Amino acid sequence: MNHSDTRQPKGHAPAKGVPARPAIFVDGAAGTTGLGIAERLSKQNDVVVKGIAEDKRKDVAAKRALMEEVDLVILCLPDDAAKETVALIDSMGASAPKVLDASTAFRVAPDWVYGFPELEPGQADKIRAERKVSNPGCYPTGSIALLRPLVDAGLMPMDYPVTINAVSGYSGGGKSMIASFEDGSAPAFELYGLGFEHKHVPETQLYSHLTRRPIFVPSVGDFRQGMLVSVPLHLDTLPGKPDGATLHAALAKRYSGSKYVAVMPSDNPAAKAGRIEPEALNETNKLELYVFASEKRGQAVLVARLDNLGKGASGAAVQNMRLMLGLADT
């Protein structure tokens, strides 16, 4: 927990000499992200998960009483409901739990820490010390992982005209999209977000350190989960005209030693085949980064592969939860 926080965990009273297990409440546990978090938490024996009766879910007094009993609340709610719950937590004073929000409500808020531990050196320590953490979006996780190291290394100007193309499984689109794909009424594939106002663009721009708003073109395919995020580049438009190996080295340096983010070697099977599919990391918290480059054409495509429900949502939430509670990584 926060080194300045001397309160004792609120979980089950332990046997003598055994540390108390921290208690967690997942608010909105019936949604896709909440269900994924609950499944992951069911496999961990060093936390206590507390719930609220369905008929009390919107009872403010009952919710407040429960939150006074826990160390951390994970919010899997629509933005407005998340804001209401955070306001309630803020009113609780010394009895307030830590909060990890999985909505888009606070992802660019200056008084919240962004929950991408691999963002930059020291980010995981910021998450450990913070009481309010915003869980990243799935598309931004892949985009920022590819772009931020290049900007930091001076290989990409902050005002570079970035285009991001991405495809996700339909589970990231909410209940109506899931239903339409599973009943066969949805198309096999479609582009969306073509009004240039996708909710993930602000956090992508902010945490990639871009001053120019990127063009983001998301799409959805007829598969439940899995994601590919790609960024095409003309190498001669970048400072110093770097080659693919230089881009690869910058990414590899940033994520060296990372448990969950891997920069794949240039001779990986996908590079040899010239193709990559989105589902290989499903049910994991892993993120793979690829550099596909042609020195002959002076072009490259950066690709991130992840599970939109794993490192893109529930897996990331559990990773952040463990950091916030001072628990060992699993």
# chains A, B, ... in the order shown; residues from 1 in each chain; ligands from 1
call {"tool": "residues_around", "arguments": {"residues": "His234 in chain A", "least_positions_apart": "4", "cutoff": "10 Å", "atoms": "only C-alpha atoms", "output": "ChimeraX atom specification"}}
result
/A:238,241-242,293,297-301
call {"tool": "residues_around", "arguments": {"residues": "Asp80 in chain A", "least_positions_apart": "4", "cutoff": "10 Å", "atoms": "only C-alpha atoms", "output": "list in words"}}
result
Glu84, Thr85, Val86, Ser103, Thr104 and Ala105 of chain A
call {"tool": "closest_residue", "arguments": {"among": "A:Lys63, A:Gln205, A:Ser171, A:Ile144", "to": "Asp159 in chain A", "atoms": "only C-alpha atoms"}}
result
A:Gln205
call {"tool": "atom_distance", "arguments": {"atom1": "CA of Gly28 in chain A", "atom2": "CA of Asp90 in chain A"}}
result
18.8 Å
call {"tool": "atom_distance", "arguments": {"atom1": "CA of Ala124 in chain A", "atom2": "CA of Ala252 in chain A"}}
result
18.2 Å
call {"tool": "residues_around", "arguments": {"residues": "Ile74 in chain A", "least_positions_apart": "5", "cutoff": "9 Å", "atoms": "only C-alpha atoms", "output": "number ranges by chain"}}
result
A: 24-28, 34, 98-102, 317, 321
call {"tool": "write_last_selection", "arguments": {"atoms": "all heavy atoms", "output": "PDB file, in the first residue's frame"}}
result
ATOM      1  N   ILE A  24     -11.490  -6.201  -1.364  1.00  0.00           N
ATOM      2  CA  ILE A  24     -11.770  -5.530  -2.627  1.00  0.00           C
ATOM      3  C   ILE A  24     -13.260  -5.611  -2.919  1.00  0.00           C
ATOM      4  O   ILE A  24     -13.911  -6.625  -2.649  1.00  0.00           O
ATOM      5  CB  ILE A  24     -10.991  -6.216  -3.771  1.00  0.00           C
ATOM      6  CG1 ILE A  24      -9.489  -6.149  -3.520  1.00  0.00           C
ATOM      7  CG2 ILE A  24     -11.312  -5.584  -5.119  1.00  0.00           C
ATOM      8  CD1 ILE A  24      -8.725  -7.186  -4.268  1.00  0.00           C
ATOM      9  N   PHE A  25     -13.784  -4.559  -3.497  1.00  0.00           N
ATOM     10  CA  PHE A  25     -15.158  -4.533  -3.996  1.00  0.00           C
ATOM     11  C   PHE A  25     -15.124  -4.166  -5.467  1.00  0.00           C
ATOM     12  O   PHE A  25     -14.554  -3.134  -5.834  1.00  0.00           O
ATOM     13  CB  PHE A  25     -15.994  -3.517  -3.211  1.00  0.00           C
ATOM     14  CG  PHE A  25     -17.338  -3.196  -3.814  1.00  0.00           C
ATOM     15  CD1 PHE A  25     -18.178  -4.192  -4.299  1.00  0.00           C
ATOM     16  CD2 PHE A  25     -17.772  -1.870  -3.874  1.00  0.00           C
ATOM     17  CE1 PHE A  25     -19.421  -3.882  -4.849  1.00  0.00           C
ATOM     18  CE2 PHE A  25     -19.004  -1.553  -4.404  1.00  0.00           C
ATOM     19  CZ  PHE A  25     -19.835  -2.558  -4.902  1.00  0.00           C
ATOM     20  N   VAL A  26     -15.696  -5.024  -6.316  1.00  0.00           N
ATOM     21  CA  VAL A  26     -15.795  -4.740  -7.748  1.00  0.00           C
ATOM     22  C   VAL A  26     -17.196  -4.209  -8.010  1.00  0.00           C
ATOM     23  O   VAL A  26     -18.180  -4.954  -7.933  1.00  0.00           O
ATOM     24  CB  VAL A  26     -15.518  -5.988  -8.604  1.00  0.00           C
ATOM     25  CG1 VAL A  26     -15.597  -5.633 -10.092  1.00  0.00           C
ATOM     26  CG2 VAL A  26     -14.146  -6.578  -8.268  1.00  0.00           C
ATOM     27  N   ASP A  27     -17.303  -2.926  -8.298  1.00  0.00           N
ATOM     28  CA  ASP A  27     -18.600  -2.281  -8.534  1.00  0.00           C
ATOM     29  C   ASP A  27     -18.896  -2.328 -10.028  1.00  0.00           C
ATOM     30  O   ASP A  27     -18.224  -1.674 -10.830  1.00  0.00           O
ATOM     31  CB  ASP A  27     -18.551  -0.837  -8.049  1.00  0.00           C
ATOM     32  CG  ASP A  27     -19.932  -0.206  -7.962  1.00  0.00           C
ATOM     33  OD1 ASP A  27     -20.920  -0.903  -8.244  1.00  0.00           O
ATOM     34  OD2 ASP A  27     -20.011   0.990  -7.614  1.00  0.00           O
ATOM     35  N   GLY A  28     -19.902  -3.114 -10.396  1.00  0.00           N
ATOM     36  CA  GLY A  28     -20.198  -3.331 -11.808  1.00  0.00           C
ATOM     37  C   GLY A  28     -19.671  -4.670 -12.271  1.00  0.00           C
ATOM     38  O   GLY A  28     -19.239  -4.828 -13.409  1.00  0.00           O
ATOM     39  N   GLY A  34     -15.890  -6.526 -15.596  1.00  0.00           N
ATOM     40  CA  GLY A  34     -16.088  -6.973 -14.214  1.00  0.00           C
ATOM     41  C   GLY A  34     -16.054  -8.478 -14.083  1.00  0.00           C
ATOM     42  O   GLY A  34     -15.468  -9.021 -13.130  1.00  0.00           O
ATOM     43  N   LYS A  98      -8.963   3.026  -1.600  1.00  0.00           N
ATOM     44  CA  LYS A  98      -8.347   3.356  -2.875  1.00  0.00           C
ATOM     45  C   LYS A  98      -9.342   3.015  -3.981  1.00  0.00           C
ATOM     46  O   LYS A  98     -10.249   2.204  -3.789  1.00  0.00           O
ATOM     47  CB  LYS A  98      -7.049   2.575  -3.071  1.00  0.00           C
ATOM     48  CG  LYS A  98      -5.935   2.965  -2.112  1.00  0.00           C
ATOM     49  CD  LYS A  98      -4.629   2.267  -2.480  1.00  0.00           C
ATOM     50  CE  LYS A  98      -3.490   2.771  -1.607  1.00  0.00           C
ATOM     51  NZ  LYS A  98      -2.172   2.239  -2.035  1.00  0.00           N
ATOM     52  N   VAL A  99      -9.156   3.635  -5.153  1.00  0.00           N
ATOM     53  CA  VAL A  99     -10.097   3.384  -6.239  1.00  0.00           C
ATOM     54  C   VAL A  99      -9.353   3.208  -7.562  1.00  0.00           C
ATOM     55  O   VAL A  99      -8.432   3.962  -7.879  1.00  0.00           O
ATOM     56  CB  VAL A  99     -11.149   4.517  -6.347  1.00  0.00           C
ATOM     57  CG1 VAL A  99     -10.482   5.873  -6.548  1.00  0.00           C
ATOM     58  CG2 VAL A  99     -12.141   4.238  -7.461  1.00  0.00           C
ATOM     59  N   LEU A 100      -9.733   2.176  -8.284  1.00  0.00           N
ATOM     60  CA  LEU A 100      -9.215   1.888  -9.616  1.00  0.00           C
ATOM     61  C   LEU A 100     -10.407   1.945 -10.567  1.00  0.00           C
ATOM     62  O   LEU A 100     -11.340   1.150 -10.451  1.00  0.00           O
ATOM     63  CB  LEU A 100      -8.555   0.506  -9.647  1.00  0.00           C
ATOM     64  CG  LEU A 100      -8.115  -0.033 -11.008  1.00  0.00           C
ATOM     65  CD1 LEU A 100      -7.027   0.846 -11.616  1.00  0.00           C
ATOM     66  CD2 LEU A 100      -7.601  -1.476 -10.874  1.00  0.00           C
ATOM     67  N   ASP A 101     -10.387   2.899 -11.486  1.00  0.00           N
ATOM     68  CA  ASP A 101     -11.537   3.120 -12.356  1.00  0.00           C
ATOM     69  C   ASP A 101     -11.272   2.591 -13.756  1.00  0.00           C
ATOM     70  O   ASP A 101     -10.283   2.961 -14.394  1.00  0.00           O
ATOM     71  CB  ASP A 101     -11.867   4.607 -12.433  1.00  0.00           C
ATOM     72  CG  ASP A 101     -13.063   4.870 -13.324  1.00  0.00           C
ATOM     73  OD1 ASP A 101     -14.042   4.102 -13.244  1.00  0.00           O
ATOM     74  OD2 ASP A 101     -13.011   5.828 -14.115  1.00  0.00           O
ATOM     75  N   ALA A 102     -12.171   1.724 -14.242  1.00  0.00           N
ATOM     76  CA  ALA A 102     -12.003   1.131 -15.571  1.00  0.00           C
ATOM     77  C   ALA A 102     -12.794   1.860 -16.649  1.00  0.00           C
ATOM     78  O   ALA A 102     -12.764   1.453 -17.807  1.00  0.00           O
ATOM     79  CB  ALA A 102     -12.429  -0.340 -15.535  1.00  0.00           C
ATOM     80  N   ALA A 317      -6.324  -4.482 -14.991  1.00  0.00           N
ATOM     81  CA  ALA A 317      -6.924  -4.044 -13.728  1.00  0.00           C
ATOM     82  C   ALA A 317      -6.368  -4.833 -12.550  1.00  0.00           C
ATOM     83  O   ALA A 317      -6.054  -4.260 -11.497  1.00  0.00           O
ATOM     84  CB  ALA A 317      -8.444  -4.184 -13.794  1.00  0.00           C
ATOM     85  N   MET A 321      -4.296  -3.444  -9.497  1.00  0.00           N
ATOM     86  CA  MET A 321      -4.798  -3.699  -8.151  1.00  0.00           C
ATOM     87  C   MET A 321      -3.689  -4.210  -7.243  1.00  0.00           C
ATOM     88  O   MET A 321      -3.528  -3.745  -6.106  1.00  0.00           O
ATOM     89  CB  MET A 321      -5.933  -4.719  -8.206  1.00  0.00           C
ATOM     90  CG  MET A 321      -6.462  -5.172  -6.855  1.00  0.00           C
ATOM     91  SD  MET A 321      -7.109  -6.860  -6.900  1.00  0.00           S
ATOM     92  CE  MET A 321      -5.570  -7.819  -6.852  1.00  0.00           C
TER      93      MET A 321
END
call {"tool": "select_by_dssp", "arguments": {"residues": "range 96-172 of chain A", "states": "strand (DSSP E or B)", "output": "PyMOL selection string"}}
result
chain A and resi 98-101+113-114+132-134+163-169
call {"tool": "closest_residue", "arguments": {"among": "A:Leu41, A:Ala29, A:Leu323, A:Val220", "to": "Arg57 in chain A", "atoms": "only C-alpha atoms"}}
result
A:Ala29
call {"tool": "select_by_dssp", "arguments": {"residues": "range 94-319 of chain A", "states": "helix (DSSP H, G or I)", "output": "JSON, numbers by chain"}}
result
{"A": [94, 95, 123, 124, 125, 126, 127, 128, 129, 138, 139, 140, 141, 142, 143, 144, 145, 146, 147, 148, 149, 150, 151, 152, 170, 171, 172, 173, 174, 175, 176, 177, 178, 179, 180, 181, 182, 201, 202, 203, 204, 205, 206, 207, 235, 236, 237, 244, 245, 246, 247, 248, 249, 250, 251, 252, 253, 254, 269, 270, 271, 272, 273, 310, 311, 312, 313, 314, 315, 316, 317, 318, 319]}
call {"tool": "write_last_selection", "arguments": {"atoms": "C-alpha atoms", "output": "tab-separated table (two decimals), in the first residue's frame"}}
result
chain	number	residue	atom	x	y	z
A	94	ALA	CA	-10.18	8.84	6.25
A	95	SER	CA	-12.38	5.78	5.72
A	123	GLN	CA	5.22	4.47	-13.54
A	124	ALA	CA	4.66	1.29	-11.52
A	125	ASP	CA	5.95	3.10	-8.41
A	126	LYS	CA	3.49	5.95	-9.05
A	127	ILE	CA	0.66	3.42	-9.20
A	128	ARG	CA	1.83	1.81	-5.94
A	129	ALA	CA	1.76	5.16	-4.14
A	138	CYS	CA	-7.59	-1.49	-24.76
A	139	TYR	CA	-6.74	0.37	-27.98
A	140	PRO	CA	-4.62	2.98	-26.16
A	141	THR	CA	-2.62	0.27	-24.41
A	142	GLY	CA	-1.34	-1.02	-27.75
A	143	SER	CA	-0.99	2.42	-29.33
A	144	ILE	CA	0.87	4.07	-26.46
A	145	ALA	CA	3.16	1.06	-26.03
A	146	LEU	CA	4.29	1.50	-29.65
A	147	LEU	CA	4.45	5.29	-29.83
A	148	ARG	CA	5.70	6.61	-26.49
A	149	PRO	CA	9.18	5.00	-26.62
A	150	LEU	CA	9.78	6.43	-30.11
A	151	VAL	CA	8.73	9.93	-29.04
A	152	ASP	CA	10.87	9.72	-25.90
A	170	TYR	CA	-16.55	-7.92	-30.54
A	171	SER	CA	-16.43	-8.42	-26.75
A	172	GLY	CA	-15.00	-4.91	-26.41
A	173	GLY	CA	-18.13	-3.31	-27.82
A	174	GLY	CA	-20.56	-3.82	-24.96
A	175	LYS	CA	-23.73	-5.86	-24.57
A	176	SER	CA	-25.53	-4.75	-27.75
A	177	MET	CA	-22.53	-5.43	-29.99
A	178	ILE	CA	-21.89	-8.79	-28.35
A	179	ALA	CA	-25.53	-9.76	-28.87
A	180	SER	CA	-25.52	-8.71	-32.53
A	181	PHE	CA	-22.46	-10.80	-33.34
A	182	GLU	CA	-23.63	-13.80	-31.38
A	201	VAL	CA	-8.15	9.27	-28.66
A	202	PRO	CA	-7.55	11.77	-25.80
A	203	GLU	CA	-5.63	9.30	-23.63
A	204	THR	CA	-3.73	7.95	-26.64
A	205	GLN	CA	-2.58	11.43	-27.57
A	206	LEU	CA	-1.77	12.52	-24.01
A	207	TYR	CA	0.26	9.51	-22.91
A	235	LEU	CA	10.75	6.07	-42.51
A	236	ASP	CA	12.13	8.98	-44.56
A	237	THR	CA	9.69	11.34	-42.81
A	244	GLY	CA	13.49	-0.93	-38.72
A	245	ALA	CA	16.33	-2.12	-36.50
A	246	THR	CA	16.59	1.31	-34.87
A	247	LEU	CA	12.86	1.39	-34.11
A	248	HIS	CA	13.05	-2.15	-32.76
A	249	ALA	CA	15.99	-1.24	-30.52
A	250	ALA	CA	14.11	1.72	-29.02
A	251	LEU	CA	11.14	-0.46	-28.15
A	252	ALA	CA	13.34	-3.26	-26.82
A	253	LYS	CA	15.23	-0.84	-24.58
A	254	ARG	CA	12.02	0.56	-23.07
A	269	PRO	CA	7.31	-16.36	-37.27
A	270	ALA	CA	4.92	-13.49	-38.02
A	271	ALA	CA	7.71	-11.50	-39.69
A	272	LYS	CA	8.73	-14.49	-41.77
A	273	ALA	CA	5.16	-15.12	-42.86
A	310	GLY	CA	-6.74	-9.15	-20.76
A	311	LYS	CA	-3.98	-6.54	-20.91
A	312	GLY	CA	-6.63	-4.33	-22.51
A	313	ALA	CA	-9.04	-4.51	-19.55
A	314	SER	CA	-9.39	-7.11	-16.78
A	315	GLY	CA	-5.80	-8.36	-16.76
A	316	ALA	CA	-4.47	-4.82	-16.53
A	317	ALA	CA	-6.92	-4.04	-13.73
A	318	VAL	CA	-5.71	-6.95	-11.62
A	319	GLN	CA	-2.08	-6.01	-12.33
call {"tool": "residues_around", "arguments": {"residues": "Arg64 in chain A", "least_positions_apart": "6", "cutoff": "9 Å", "atoms": "only C-alpha atoms", "output": "PDB file with N, CA and C atoms, in the first residue's frame"}}
result
ATOM      1  N   LEU A  88     -18.730   9.963  -4.086  1.00  0.00           N
ATOM      2  CA  LEU A  88     -19.090   9.346  -2.805  1.00  0.00           C
ATOM      3  C   LEU A  88     -17.842   8.947  -2.033  1.00  0.00           C
ATOM      4  N   ILE A  89     -16.880   8.346  -2.720  1.00  0.00           N
ATOM      5  CA  ILE A  89     -15.620   7.956  -2.077  1.00  0.00           C
ATOM      6  C   ILE A  89     -14.892   9.178  -1.534  1.00  0.00           C
ATOM      7  N   MET A  92     -15.858  10.334   1.890  1.00  0.00           N
ATOM      8  CA  MET A  92     -15.690   9.399   2.991  1.00  0.00           C
ATOM      9  C   MET A  92     -14.501   9.723   3.898  1.00  0.00           C
TER      10      MET A  92
END
call {"tool": "closest_residue", "arguments": {"among": "A:Asn320, A:Ser266, A:Thr330, A:Ser168", "to": "Gly115 in chain A", "atoms": "only C-alpha atoms"}}
result
A:Asn320
